[in-house]
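Okay, so here's the structure we're looking at.
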Amino acid sequence: MSSGKREGSLETPTRHPLDWQSEEFYDEAPLFEELERVFDICHGCRRCFNLCNAFPTLFDAVDESATMEVDGVPKKVYWEVVDHCYLCDMCYMSKCPYVPPHEWNVDFPHLMLRAKAARFRKEGASVRDKLLSATDTVGKLAGIPVVVDVVNASNRSKTGRKLLESTLGVHRNAPVPEYHSKTARKRLAYLRDIDSIETRPTSTTRGKVALYATCYGNRNHPAINEDLVAVYEHNGIPVTLFEKEVCCGMPKLELGDLEAVAKAKEINIPILAAMVDAGWDIVTPIPSCTLMFKQELPLMFPDDEDVAKVQAAMYDPFEYLMLRHKDGELKTEFKNSLGKISYQVPCHLRVQNIGLKTRDILQLVPDTEVEAIERCSGHDGTYAVKREFHDIAKKIAVPVVNKVKRSEADHFISDCPMAAEQIVQDLDNYEPTNPMSLLRSAYGI
């Protein structure tokens, strides 16, 4: 089970703020000095060899070098290591014994982020990488009526996927999301009309929730938000929408475009903070978006009071339901059992250190068994859709795929719909299901 303590350590990891606004942060000389220092520590430890492809890339390069030490590794390999890091944070939160407060002060993910940011400032990004991270722009264009049908049809056709691969480098077999012109925010627009509401606060929740729909939940998988609203309203939790929202910034963070992250923050945070001031808690349906507000923005803007305010009010949807349940405010009269569920726990949910709340809520349903798989899906933002990384991403997902196959479960779920789509590609007789959809089915609503 995920916890705040690292394996083999009695101390909780401490995350230092990201010094991204200093010039030294982008200076190549001190950057490479720090890369070599941390790589040397990683080479001597090697506990993270099975987390992603960044570490095998580094360790193989060391073993094949003339010195068999980091000083023999060509600097171009450093960038290969950086490219294979998709900022899942699992090495920091679960494996590395040298993270702060240890004196060696190793923060591998944020060092990789620093390298990505330095390269982005110097070189920019490819057209493909800019498009993949421009979720709002692409989503708005692809979601235009008539256009949406053409885009979805092209993405489903072999010819269209071959063209996408040859022109943009998006692997022809990678799962790409369907777009909807009737977005979640359009479908749920009636929620904005809430005037007077009755709430049942608990010791840890205020009993009413503002829904940050997210790019994916809004334009690609609106049913996730519809299911969340149905479950929350069934449990007497009023839900509303924000007046406006833009992408949380996670895709731009992964690209190293920190200025774009800051611009998104300047739009989102005042709106979210105002709702917190008005007495609302916040939930998002996608773990990466929740993590952005819970961890990354607070580390980028440690002195911003509104960022801290939003961080304190931000919840994973099942975390929120479990907090309500502890105070007797969750309905447990279920109409349908769910049978056996195979559940992949996304990395960006695990590193939130809230425990397995999705599993715990679903196991309240009678005659329901949930087997949690705490391994990476390999999808990881845009990593798996890129032509040069797709096969590696599929290899990372193999342990999850094999465990699901052996489980003979009735359902396969993941809190991250993109992770679910990646995994079910190699499974027979399974559809990618969101856990909130299953919970709604259990309630029979």
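Ordering of the structure tokens sets the chain letters (A, B, ...); residue numbers start at 1 within each chain; ligands are numbered from 1 in the order shown.
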Discussion item. Need to verify the contact set: A:Met275, 8 Å, only C-alpha atoms, exclusion of same-chain residues closer than 5 positions in sequence. Can you return it as a list in words?
Written reply: Ala210, Phe242, Trp280 and Asp281 of chain A
Item to complete: Considering only C-alpha atoms, return as a ChimeraX atom specification whatever protein or nucleic-acid residues lie within 10 Å of A:Arg114, sequence-local ones (same chain, fewer than 6 positions apart) excluded.
Response: /A:18-20,25-27,31,35,82,108,120,256,258
Please produce a file of those selected residues containing N, CA and C atoms, as an mmCIF file, in the first residue's frame.
```cif
data_model
loop_
_atom_site.group_PDB
_atom_site.id
_atom_site.type_symbol
_atom_site.label_atom_id
_atom_site.label_comp_id
_atom_site.auth_asym_id
_atom_site.auth_seq_id
_atom_site.Cartn_x
_atom_site.Cartn_y
_atom_site.Cartn_z
ATOM 1 N N LEU A 18 10.526 24.282 -6.003
ATOM 2 C CA LEU A 18 11.240 24.260 -7.279
ATOM 3 C C LEU A 18 11.748 25.666 -7.588
ATOM 4 N N ASP A 19 13.047 25.818 -7.697
ATOM 5 C CA ASP A 19 13.653 27.141 -7.893
ATOM 6 C C ASP A 19 13.670 27.508 -9.375
ATOM 7 N N TRP A 20 12.499 27.456 -10.001
ATOM 8 C CA TRP A 20 12.422 27.559 -11.460
ATOM 9 C C TRP A 20 12.542 28.989 -11.979
ATOM 10 N N PHE A 25 18.881 27.883 -12.532
ATOM 11 C CA PHE A 25 18.045 26.714 -12.789
ATOM 12 C C PHE A 25 18.192 26.254 -14.235
ATOM 13 N N TYR A 26 18.411 27.202 -15.152
ATOM 14 C CA TYR A 26 18.480 26.903 -16.581
ATOM 15 C C TYR A 26 19.906 26.869 -17.116
ATOM 16 N N ASP A 27 20.875 27.179 -16.273
ATOM 17 C CA ASP A 27 22.280 27.226 -16.689
ATOM 18 C C ASP A 27 22.796 25.803 -16.900
ATOM 19 N N LEU A 31 23.671 22.562 -14.190
ATOM 20 C CA LEU A 31 22.713 21.493 -14.439
ATOM 21 C C LEU A 31 23.430 20.170 -14.664
ATOM 22 N N LEU A 35 23.370 16.724 -12.580
ATOM 23 C CA LEU A 35 23.010 15.463 -13.227
ATOM 24 C C LEU A 35 24.051 14.393 -12.959
ATOM 25 N N VAL A 82 16.761 11.755 -19.539
ATOM 26 C CA VAL A 82 15.755 12.793 -19.310
ATOM 27 C C VAL A 82 14.485 12.504 -20.113
ATOM 28 N N PHE A 108 15.195 13.100 -8.030
ATOM 29 C CA PHE A 108 15.384 12.710 -9.430
ATOM 30 C C PHE A 108 14.313 13.313 -10.348
ATOM 31 N N PHE A 120 13.909 23.186 -23.029
ATOM 32 C CA PHE A 120 12.789 23.889 -23.665
ATOM 33 C C PHE A 120 13.113 25.364 -23.849
ATOM 34 N N GLY A 256 8.343 20.701 -19.967
ATOM 35 C CA GLY A 256 9.355 21.630 -19.476
ATOM 36 C C GLY A 256 9.014 23.080 -19.746
ATOM 37 N N LEU A 258 7.590 25.743 -18.341
ATOM 38 C CA LEU A 258 7.118 26.211 -17.037
ATOM 39 C C LEU A 258 6.418 27.561 -17.125
#
```
Item to complete: Select from stretch 96-160 of chain A everything DSSP, run on the backbone, classes as helix (DSSP H, G or I), then give the selection as a VMD selection string.
Response: chain A and resid 108 to 123 127 to 133 135 to 142 147 to 156 158 to 160
With C-alpha atoms kept, could you save the residues just selected as a short mmCIF file (atom, residue, chain, number, x, y, z; two decimals), in the first residue's frame?
```cif
data_model
loop_
_atom_site.label_atom_id
_atom_site.label_comp_id
_atom_site.auth_asym_id
_atom_site.auth_seq_id
_atom_site.Cartn_x
_atom_site.Cartn_y
_atom_site.Cartn_z
CA PHE A 108 15.38 12.71 -9.43
CA PRO A 109 12.01 13.78 -10.92
CA HIS A 110 12.58 17.47 -10.30
CA LEU A 111 16.11 17.23 -11.65
CA MET A 112 14.66 15.71 -14.82
CA LEU A 113 12.09 18.52 -14.88
CA ARG A 114 14.90 21.06 -14.55
CA ALA A 115 16.68 19.49 -17.52
CA LYS A 116 13.48 19.48 -19.58
CA ALA A 117 12.89 23.13 -18.72
CA ALA A 118 16.47 24.13 -19.59
CA ARG A 119 16.22 22.40 -22.96
CA PHE A 120 12.79 23.89 -23.67
CA ARG A 121 14.04 27.40 -22.97
CA LYS A 122 17.04 26.85 -25.24
CA GLU A 123 15.52 24.82 -28.08
CA VAL A 127 5.37 20.57 -33.43
CA ARG A 128 4.15 17.19 -32.19
CA ASP A 129 5.11 17.83 -28.58
CA LYS A 130 3.54 21.28 -28.65
CA LEU A 131 0.29 19.85 -30.04
CA LEU A 132 0.18 16.95 -27.57
CA SER A 133 0.55 19.36 -24.67
CA THR A 135 -4.95 20.11 -24.69
CA ASP A 136 -7.27 23.12 -24.59
CA THR A 137 -6.48 24.31 -28.11
CA VAL A 138 -6.60 20.87 -29.73
CA GLY A 139 -9.72 19.91 -27.77
CA LYS A 140 -11.62 23.03 -28.80
CA LEU A 141 -10.76 22.55 -32.48
CA ALA A 142 -11.37 18.80 -32.53
CA VAL A 147 -15.05 18.48 -37.32
CA VAL A 148 -15.33 16.12 -34.35
CA ASP A 149 -16.77 13.37 -36.58
CA VAL A 150 -13.91 13.73 -39.05
CA VAL A 151 -11.28 13.69 -36.31
CA ASN A 152 -12.75 10.65 -34.57
CA ALA A 153 -13.19 8.76 -37.85
CA SER A 154 -9.60 9.51 -38.85
CA ASN A 155 -8.30 8.37 -35.48
CA ARG A 156 -10.18 5.09 -35.87
CA LYS A 158 -5.63 2.66 -40.27
CA THR A 159 -4.97 5.20 -43.01
CA GLY A 160 -5.53 8.11 -40.67
#
```
Exercise: stretch 67-72 of chain A partners within 7 Å, only C-alpha atoms, chain neighbours under 6 positions left out, as a compact mmCIF listing (two decimals) with C-alpha atoms, in the first residue's frame:
```txt
# COMPACT_ATOMS: atom_id res chain seq x y z
CA GLU A 36 26.38 13.77 -12.86
CA PHE A 39 23.40 9.83 -11.65
CA ASP A 40 26.45 8.65 -9.72
```
Discussion item. For A:Asp193, find every residue with an atom within 10 Å (counting only C-alpha atoms), except residues of its own chain fewer than 4 positions away, and show them as a list in words.
Written reply: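 Neighbouring residues, sequence-local ones excluded: Ala189, Thr240 and Leu241 of chain A.
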Practice prompt. Measuring atom to atom with only C-alpha atoms, identify which of A:Lys326, A:Arg47, A:Arg350, A:Arg440 is nearest to A:Leu291.
Written response: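 Under the stated criterion, the closest residue is A:Arg350.
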